[in-house]
Structure formats: structure tokens, C-alpha cells
file structure-v8.txt (compact mmCIF, C-alpha atoms)
# COMPACT_ATOMS: atom_id res chain seq x y z
CA MET Q 239 -77.54 -89.98 -258.78
CA PRO Q 240 -77.71 -93.53 -257.32
CA ILE Q 241 -74.22 -94.39 -258.63
CA ILE Q 242 -71.64 -93.38 -256.01
CA VAL Q 243 -68.00 -92.91 -257.01
CA ASN Q 244 -65.68 -94.08 -254.24
CA LEU Q 245 -62.48 -93.06 -255.95
CA ASP Q 246 -61.40 -90.77 -253.10
CA VAL Q 247 -61.77 -93.69 -250.64
CA MET Q 248 -59.61 -95.94 -252.82
CA LEU Q 249 -57.03 -93.21 -253.26
CA ALA Q 250 -56.84 -92.77 -249.49
CA ARG Q 251 -56.48 -96.54 -249.00
CA ARG Q 252 -53.63 -96.67 -251.52
CA LYS Q 253 -52.16 -93.45 -250.14
CA MET Q 254 -52.06 -91.98 -253.59
CA ARG Q 255 -52.66 -88.36 -254.63
CA SER Q 256 -55.09 -87.41 -257.41
CA LYS Q 257 -52.22 -85.82 -259.32
CA GLU Q 258 -50.27 -89.10 -259.43
CA LEU Q 259 -53.35 -91.07 -260.47
CA ALA Q 260 -54.08 -88.52 -263.21
CA GLU Q 261 -50.53 -88.82 -264.55
CA ARG Q 262 -50.56 -92.62 -264.47
CA ILE Q 263 -53.92 -93.08 -266.18
CA GLY Q 264 -53.42 -90.22 -268.66
CA LEU Q 265 -56.28 -87.97 -267.54
CA THR Q 266 -56.13 -84.34 -266.51
CA GLU Q 267 -56.28 -83.53 -262.81
CA GLN Q 268 -59.47 -81.62 -263.50
CA ASN Q 269 -61.17 -84.70 -264.94
CA VAL Q 270 -60.02 -86.88 -262.03
CA SER Q 271 -61.42 -84.26 -259.67
CA LEU Q 272 -64.75 -84.26 -261.56
CA LEU Q 273 -64.81 -88.06 -261.43
CA LYS Q 274 -64.10 -88.06 -257.68
CA SER Q 275 -66.96 -85.67 -257.04
CA GLY Q 276 -69.29 -87.66 -259.29
CA LYS Q 277 -69.88 -84.66 -261.56
CA VAL Q 278 -69.47 -86.63 -264.79
CA LYS Q 279 -72.11 -88.25 -266.96
CA GLY Q 280 -70.11 -91.41 -267.57
CA ILE Q 281 -66.83 -93.24 -267.38
CA ARG Q 282 -65.16 -95.09 -270.26
CA PHE Q 283 -64.27 -98.78 -269.77
CA GLU Q 284 -60.76 -97.80 -270.80
CA THR Q 285 -60.49 -95.25 -267.95
CA LEU Q 286 -62.01 -97.71 -265.47
CA GLU Q 287 -59.54 -100.38 -266.56
CA LYS Q 288 -56.58 -98.04 -266.04
CA ILE Q 289 -57.84 -96.91 -262.62
CA CYS Q 290 -58.32 -100.54 -261.52
CA GLU Q 291 -54.86 -101.41 -262.78
CA VAL Q 292 -53.13 -98.50 -261.03
CA LEU Q 293 -55.07 -98.85 -257.76
CA ALA Q 294 -55.05 -102.68 -257.90
CA CYS Q 295 -58.77 -102.93 -257.25
CA GLN Q 296 -62.03 -104.04 -258.83
CA PRO Q 297 -64.60 -101.76 -260.57
CA GLY Q 298 -66.94 -102.48 -257.67
CA ASP Q 299 -64.45 -100.88 -255.27
CA ILE Q 300 -64.77 -97.60 -257.16
CA LEU Q 301 -68.42 -97.58 -258.20
CA MET Q 302 -71.35 -98.36 -255.94
CA PHE Q 303 -75.09 -98.41 -256.54
CA GLU Q 304 -77.23 -96.83 -253.85
CA PRO Q 305 -80.95 -96.92 -254.58
CA THR Q 306 -82.80 -93.67 -253.98
CA VAL Q 307 -85.44 -93.91 -251.29
CA LYS Q 308 -88.75 -92.40 -252.33
CA SER Q 309 -90.33 -90.30 -249.58
CA ASP Q 310 -94.14 -90.31 -249.29
CA MET S 7 -57.20 -84.50 -290.46
CA SER S 8 -55.60 -81.08 -290.80
CA ALA S 9 -57.31 -78.21 -289.02
CA PHE S 10 -58.88 -75.39 -291.02
CA ASN S 11 -56.59 -72.39 -291.31
CA PRO S 12 -58.07 -69.82 -288.89
CA ARG S 13 -56.67 -66.89 -290.85
CA VAL S 14 -58.40 -68.06 -294.03
CA ALA S 15 -61.65 -68.53 -292.10
CA ARG S 16 -61.38 -65.04 -290.60
CA TRP S 17 -60.79 -63.55 -294.05
CA LEU S 18 -63.70 -65.48 -295.52
CA ALA S 19 -65.98 -64.15 -292.75
CA PHE S 20 -64.89 -60.57 -293.48
CA LEU S 21 -65.09 -61.05 -297.25
CA THR S 22 -68.60 -62.54 -297.08
CA LYS S 23 -69.90 -59.67 -294.96
CA ALA S 24 -68.16 -57.04 -297.13
CA LEU S 25 -69.40 -58.53 -300.42
CA VAL S 26 -72.98 -58.94 -299.30
CA SER S 27 -73.05 -55.41 -297.82
CA VAL S 28 -71.69 -53.95 -301.07
CA CYS S 29 -74.28 -55.90 -303.11
CA LEU S 30 -77.13 -54.74 -300.86
CA LEU S 31 -76.00 -51.11 -300.90
CA ALA S 32 -75.32 -51.14 -304.66
CA ASN S 33 -78.81 -52.50 -305.26
CA LEU S 34 -80.36 -49.94 -302.92
CA PHE S 35 -78.54 -46.95 -304.42
CA GLY S 36 -78.92 -48.33 -307.94
CA TRP S 37 -82.65 -47.62 -307.81
CA PHE S 38 -81.91 -43.91 -307.26
CA ILE S 39 -79.99 -43.69 -310.56
CA PRO S 40 -82.38 -44.17 -313.54
CA GLU S 41 -79.80 -45.82 -315.86
CA ALA S 42 -78.64 -48.21 -313.14
CA ALA S 43 -82.23 -48.90 -312.12
CA GLU S 44 -83.07 -49.87 -315.69
CA THR S 45 -80.11 -52.26 -315.83
CA ILE S 46 -81.08 -53.85 -312.51
CA ALA S 47 -84.75 -54.14 -313.45
CA ARG S 48 -84.04 -55.61 -316.89
CA ASN S 49 -81.49 -58.05 -315.45
CA ILE S 50 -83.80 -59.39 -312.77
CA THR S 51 -86.87 -59.64 -314.99
CA THR S 52 -84.97 -60.50 -318.22
CA LEU S 53 -87.21 -58.02 -320.07
CA ILE S 54 -84.46 -56.95 -322.48
CA THR S 55 -86.32 -55.37 -325.39
CA GLU S 56 -89.77 -54.77 -323.91
CA PRO S 57 -90.75 -51.17 -323.09
CA ILE S 58 -90.59 -50.30 -319.37
CA SER S 59 -91.58 -47.15 -317.49
CA LEU S 60 -89.41 -46.25 -314.55
CA THR S 61 -91.66 -43.68 -312.89
CA THR S 62 -91.10 -42.68 -309.26
CA ARG S 63 -93.69 -45.22 -308.17
CA ALA S 64 -91.96 -47.96 -310.21
CA LEU S 65 -88.56 -47.00 -308.82
CA VAL S 66 -89.74 -47.04 -305.19
CA LEU S 67 -91.65 -50.30 -305.53
CA GLY S 68 -88.90 -51.90 -307.63
CA GLY S 69 -86.27 -50.89 -305.11
CA LEU S 70 -88.39 -52.29 -302.31
CA ILE S 71 -88.97 -55.63 -304.07
CA SER S 72 -85.34 -56.21 -305.04
CA THR S 73 -84.11 -55.09 -301.60
CA VAL S 74 -86.45 -57.52 -299.85
CA GLN S 75 -85.24 -60.32 -302.12
CA LEU S 76 -81.60 -59.46 -301.58
CA GLY S 77 -82.23 -58.87 -297.86
CA ILE S 78 -83.33 -62.49 -297.47
CA LEU S 79 -80.08 -63.60 -299.03
CA THR S 80 -78.12 -61.14 -296.87
CA ILE S 81 -79.44 -62.79 -293.70
CA GLY S 82 -78.22 -66.13 -295.03
CA PHE S 83 -74.79 -64.84 -295.99
CA TRP S 84 -74.45 -63.18 -292.59
CA ALA S 85 -75.08 -66.61 -291.04
CA MET S 86 -72.44 -68.06 -293.37
CA ALA S 87 -69.96 -65.44 -292.12
CA ALA S 88 -70.80 -66.50 -288.55
CA VAL S 89 -69.89 -70.11 -289.48
CA PHE S 90 -66.53 -68.91 -290.84
CA LYS S 91 -65.97 -66.92 -287.63
CA LEU S 92 -66.66 -69.97 -285.44
CA PHE S 93 -64.25 -71.99 -287.58
CA ALA S 94 -61.64 -69.26 -287.13
CA GLN S 95 -62.02 -69.70 -283.36
CA GLY S 96 -61.30 -73.42 -283.85
CA ASP S 97 -64.66 -74.39 -282.38
CA TYR S 98 -65.67 -76.86 -285.10
CA LEU S 99 -68.42 -78.48 -283.06
CA HIS S 100 -69.96 -75.35 -281.56
CA PRO S 101 -73.75 -75.75 -281.20
CA ASP S 102 -74.23 -72.48 -283.14
CA ILE S 103 -72.58 -73.84 -286.32
CA GLY S 104 -75.55 -76.11 -287.03
CA LYS S 105 -77.96 -73.28 -286.27
CA GLN S 106 -76.16 -70.88 -288.62
CA VAL S 107 -75.90 -73.46 -291.43
CA GLN S 108 -79.66 -74.05 -291.06
CA CYS S 109 -80.26 -70.29 -291.18
CA PHE S 110 -78.24 -70.06 -294.41
CA GLY S 111 -80.17 -73.02 -295.83
CA LYS S 112 -83.52 -71.46 -294.90
CA SER S 113 -82.60 -68.14 -296.49
CA LEU S 114 -81.45 -69.89 -299.69
CA ALA S 115 -84.62 -71.99 -299.87
CA LEU S 116 -86.81 -68.93 -299.23
CA PHE S 117 -84.87 -66.95 -301.84
CA GLY S 118 -85.43 -69.74 -304.36
CA VAL S 119 -89.15 -69.98 -303.57
CA LEU S 120 -89.70 -66.22 -303.70
CA SER S 121 -87.60 -65.52 -306.80
CA PRO S 122 -90.34 -66.32 -309.39
CA LEU S 123 -92.84 -64.26 -307.41
CA MET S 124 -90.42 -61.34 -307.09
CA ARG S 125 -89.71 -61.46 -310.85
CA THR S 126 -93.45 -61.40 -311.57
CA LEU S 127 -94.02 -58.48 -309.20
CA LEU S 128 -91.04 -56.53 -310.51
CA ALA S 129 -92.07 -57.03 -314.14
CA LEU S 130 -95.56 -55.80 -313.25
CA VAL S 131 -94.23 -52.79 -311.35
CA ILE S 132 -91.86 -51.59 -314.10
CA THR S 133 -94.51 -51.95 -316.81
CA LEU S 134 -97.43 -50.67 -314.75
CA ASP S 135 -97.13 -47.14 -316.11
CA ASN S 136 -96.73 -48.27 -319.73
CA PRO S 137 -99.49 -47.27 -322.18
CA GLU S 138 -102.62 -49.41 -321.93
CA GLY S 139 -102.12 -52.93 -323.22
CA GLN S 140 -98.37 -52.91 -322.69
CA GLN S 141 -98.30 -54.00 -319.06
CA ILE S 142 -96.58 -57.33 -318.59
CA LEU S 143 -97.64 -60.09 -316.25
CA MET S 144 -94.95 -62.70 -316.54
CA ILE S 145 -94.46 -66.01 -314.77
CA ARG S 146 -90.99 -67.36 -315.32
CA LEU S 147 -89.57 -70.44 -313.65
CA VAL S 148 -85.81 -70.88 -313.89
CA THR S 149 -83.90 -74.11 -313.24
CA ASN S 150 -81.57 -72.13 -310.97
CA ASP S 151 -84.44 -71.46 -308.56
CA PHE S 152 -84.99 -75.20 -308.11
CA VAL S 153 -81.26 -75.79 -307.64
CA ILE S 154 -81.15 -73.02 -305.00
CA ILE S 155 -84.17 -74.52 -303.19
CA LEU S 156 -82.57 -77.99 -303.23
CA VAL S 157 -79.22 -76.69 -301.94
CA GLY S 158 -81.11 -74.74 -299.26
CA MET S 159 -82.99 -77.87 -298.16
CA LEU S 160 -79.74 -79.84 -298.11
CA LEU S 161 -78.12 -77.19 -295.90
CA ILE S 162 -81.10 -77.24 -293.52
CA MET S 163 -80.62 -81.01 -293.13
CA LEU S 164 -76.84 -80.70 -292.78
CA GLY S 165 -77.37 -78.02 -290.15
CA TYR S 166 -79.62 -80.42 -288.24
CA ALA S 167 -76.93 -83.13 -288.44
CA LEU S 168 -74.33 -80.64 -287.18
CA LYS S 169 -76.58 -79.68 -284.27
CA GLN S 170 -76.89 -83.36 -283.32
CA ALA S 171 -73.11 -83.79 -283.66
CA ALA S 172 -72.55 -80.82 -281.36
CA MET S 173 -74.91 -82.37 -278.78
CA ILE S 174 -73.04 -85.70 -278.95
CA ALA S 175 -69.70 -83.90 -278.63
CA GLU S 176 -70.99 -82.03 -275.57
CA GLU S 177 -72.17 -85.32 -274.05
CA ASN S 178 -68.78 -86.92 -274.78
CA ARG S 179 -67.03 -84.04 -273.05
CA GLN S 180 -68.82 -85.09 -269.86
CA ILE S 181 -67.56 -88.67 -270.09
CA VAL S 182 -64.07 -89.25 -268.73

call {"tool": "encode", "arguments": {"input": "structure-v8.txt", "output": "C-alpha cells"}}
result
Amino acid sequence: MPIIVNLDVMLARRKMRSKELAERIGLTEQNVSLLKSGKVKGIRFETLEKICEVLACQPGDILMFEPTVKSD
Amino acid sequence: MSAFNPRVARWLAFLTKALVSVCLLANLFGWFIPEAAETIARNITTLITEPISLTTRALVLGGLISTVQLGILTIGFWAMAAVFKLFAQGDYLHPDIGKQVQCFGKSLALFGVLSPLMRTLLALVITLDNPEGQQILMIRLVTNDFVIILVGMLLIMLGYALKQAAMIAEENRQIV
């Protein structure tokens, strides 16, 4: 998928564990783990807002678009 | 919204299966007892005073016709029991609920469509061995058949809606 989730990078920068983030944004650890690995179909604005608030960052710091290169 | 009581749902599943099995077996064995067979045949065809001949051929064919008709309904009621069972498990948006509701709807609609034909066939079968000129070919349409068809069609549509709801719920589960 061309949308890359950089949540693990932001967590490392803020020196925060997934468990703490999960508790503060009200998600289960399992869902945070799925989000980190990009194995989810979507993210709610509400969740994104909470993550940005807790990690003091912008949505663009967490999500990145990387176009797929077509091979001939 | 309060959740459906799982114990009630489990009982309903058991009760549905038990009732439909008893009905099917009673119908099947009823054709082996001449007095019971006459009652069944007259009830289905509504030939109350007309002479009927319950020969071995009539009994076998009659039993076959009424069992096929009831069998169609049995499939539907079995699907209904499956819906109760899924509710008992608390899985209200299981993809199978829509499928089972549609199955029940299809069996009801088919039962409604086939009922006039089955009545005609049964009336013919039980009067086939009457003296010449006393055989009955009857075509009888009952309002109940139309109601059953309409309810069946409604359930097929509701089942489709439930299938779509289950798909949306599954999609929502993958959004955090």
C-alpha cells in the first residue's frame, strides 16, 4: 500500500511505548500494533487527532504517501 | 439497546428444530396409518365430504407429496434455528445470519408457490382410484399462500440487507 504509517518512528522520537500510547488514546495494544504495522484498512480522524495530541505532532508525521513504482 | 438473551435464543433454536422434526415425522408416519392419512389428506386438500380412495398407491404418493412440501419448510426452519443459534453466541452481525435469513425466506416463498400445486396433485392422487367420474382435479388459491410468498420475499430482502450490514461491520473492524 502506498500509504506508509510512521507511528513507530514517532514513538521512538518521543520515547514512548505502544502500551502507553494505547492507554492514552483509548485503543487496545493490539490495534496500535496493527496500526504500526500498517495492517489496517483505515484510521478514524478521531484516532488520528488523539495520536497527534499525545505525540505532539502533525498527521503528516505519522502518515506518508509513497507512490508505487511500476516495473516494465 | 439491550442484548438478546442468549438462553432464550438457545431455547428457541432447540424448540424450532424439535417442533419441525416432530411435524415432519408425524406427517411421514401419519401416511402409514389409514385414519391419520385420511385426516392429513382431507386437511391439506380441504376435501371434507368428497369421496376419497386411500389405496397403497395413493398413500405412497400422498406421503411423498406432503413430505416434499413439508421438507421445503423444514429446510427453512432449520435455517431459522441457525439464526437463533448465532444470536445465542452473541454474534449479531455474523455474515451467516443474512444467509440463513435468506434461506428461510426462499423456503417460505417456495412453499407458498408450490402449495397450490401440491394441493392439486394431492387431491388428484387421493381421488385417482375413485370410481370413474369421481376423480377430482382442483385448483385452489388461498390468500395465505400469497401472504407466505410476500413474507418470504421480504425475508430474502432483509437477509440481503443483513449480509451487507455484516460486510460493513467487518470493514469497520479493520478501521482503528

call {"tool": "residues_around", "arguments": {"input": "structure-v8.txt", "residues": "stretch 295-310 of chain Q", "least_positions_apart": "5", "cutoff": "9 Å", "atoms": "all atoms listed in the file", "output": "ChimeraX atom specification"}}
result
/Q:239-248,286-287,289-290

call {"tool": "interface_residues", "arguments": {"input": "structure-v8.txt", "of": "chain Q", "to": "chain S", "cutoff": "12 Å", "atoms": "only C-alpha atoms", "output": "ChimeraX atom specification"}}
result
/Q:260,263-274,276-286,288-289

call {"tool": "closest_residue", "arguments": {"input": "structure-v8.txt", "among": "S:Val131, S:Ala15, S:Val66, S:Leu114", "to": "S:Trp37", "atoms": "all atoms listed in the file"}}
result
S:Val66

call {"tool": "closest_residue", "arguments": {"input": "structure-v8.txt", "among": "S:Ala24, S:Leu120, S:Cys109, S:Ile132", "to": "S:Gly68", "atoms": "only C-alpha atoms"}}
result
S:Ile132

call {"tool": "residues_around", "arguments": {"input": "structure-v8.txt", "residues": "S:Arg48", "least_positions_apart": "6", "cutoff": "10 Å", "atoms": "all atoms listed in the file", "output": "PDB file with C-alpha atoms, keeping the file's coordinate frame"}}
result
ATOM      1  CA  ALA S  42     -78.640 -48.210-313.140  1.00  0.00           C
ATOM      2  CA  ILE S  54     -84.460 -56.950-322.480  1.00  0.00           C
ATOM      3  CA  THR S  55     -86.320 -55.370-325.390  1.00  0.00           C
ATOM      4  CA  GLU S  56     -89.770 -54.770-323.910  1.00  0.00           C
ATOM      5  CA  ILE S  58     -90.590 -50.300-319.370  1.00  0.00           C
ATOM      6  CA  LEU S 128     -91.040 -56.530-310.510  1.00  0.00           C
ATOM      7  CA  ALA S 129     -92.070 -57.030-314.140  1.00  0.00           C
ATOM      8  CA  ILE S 132     -91.860 -51.590-314.100  1.00  0.00           C
TER       9      ILE S 132
END

call {"tool": "atom_distance", "arguments": {"input": "structure-v8.txt", "atom1": "atom CA of S:Lys105", "atom2": "atom CA of S:Ser121"}}
result
24.0 Å
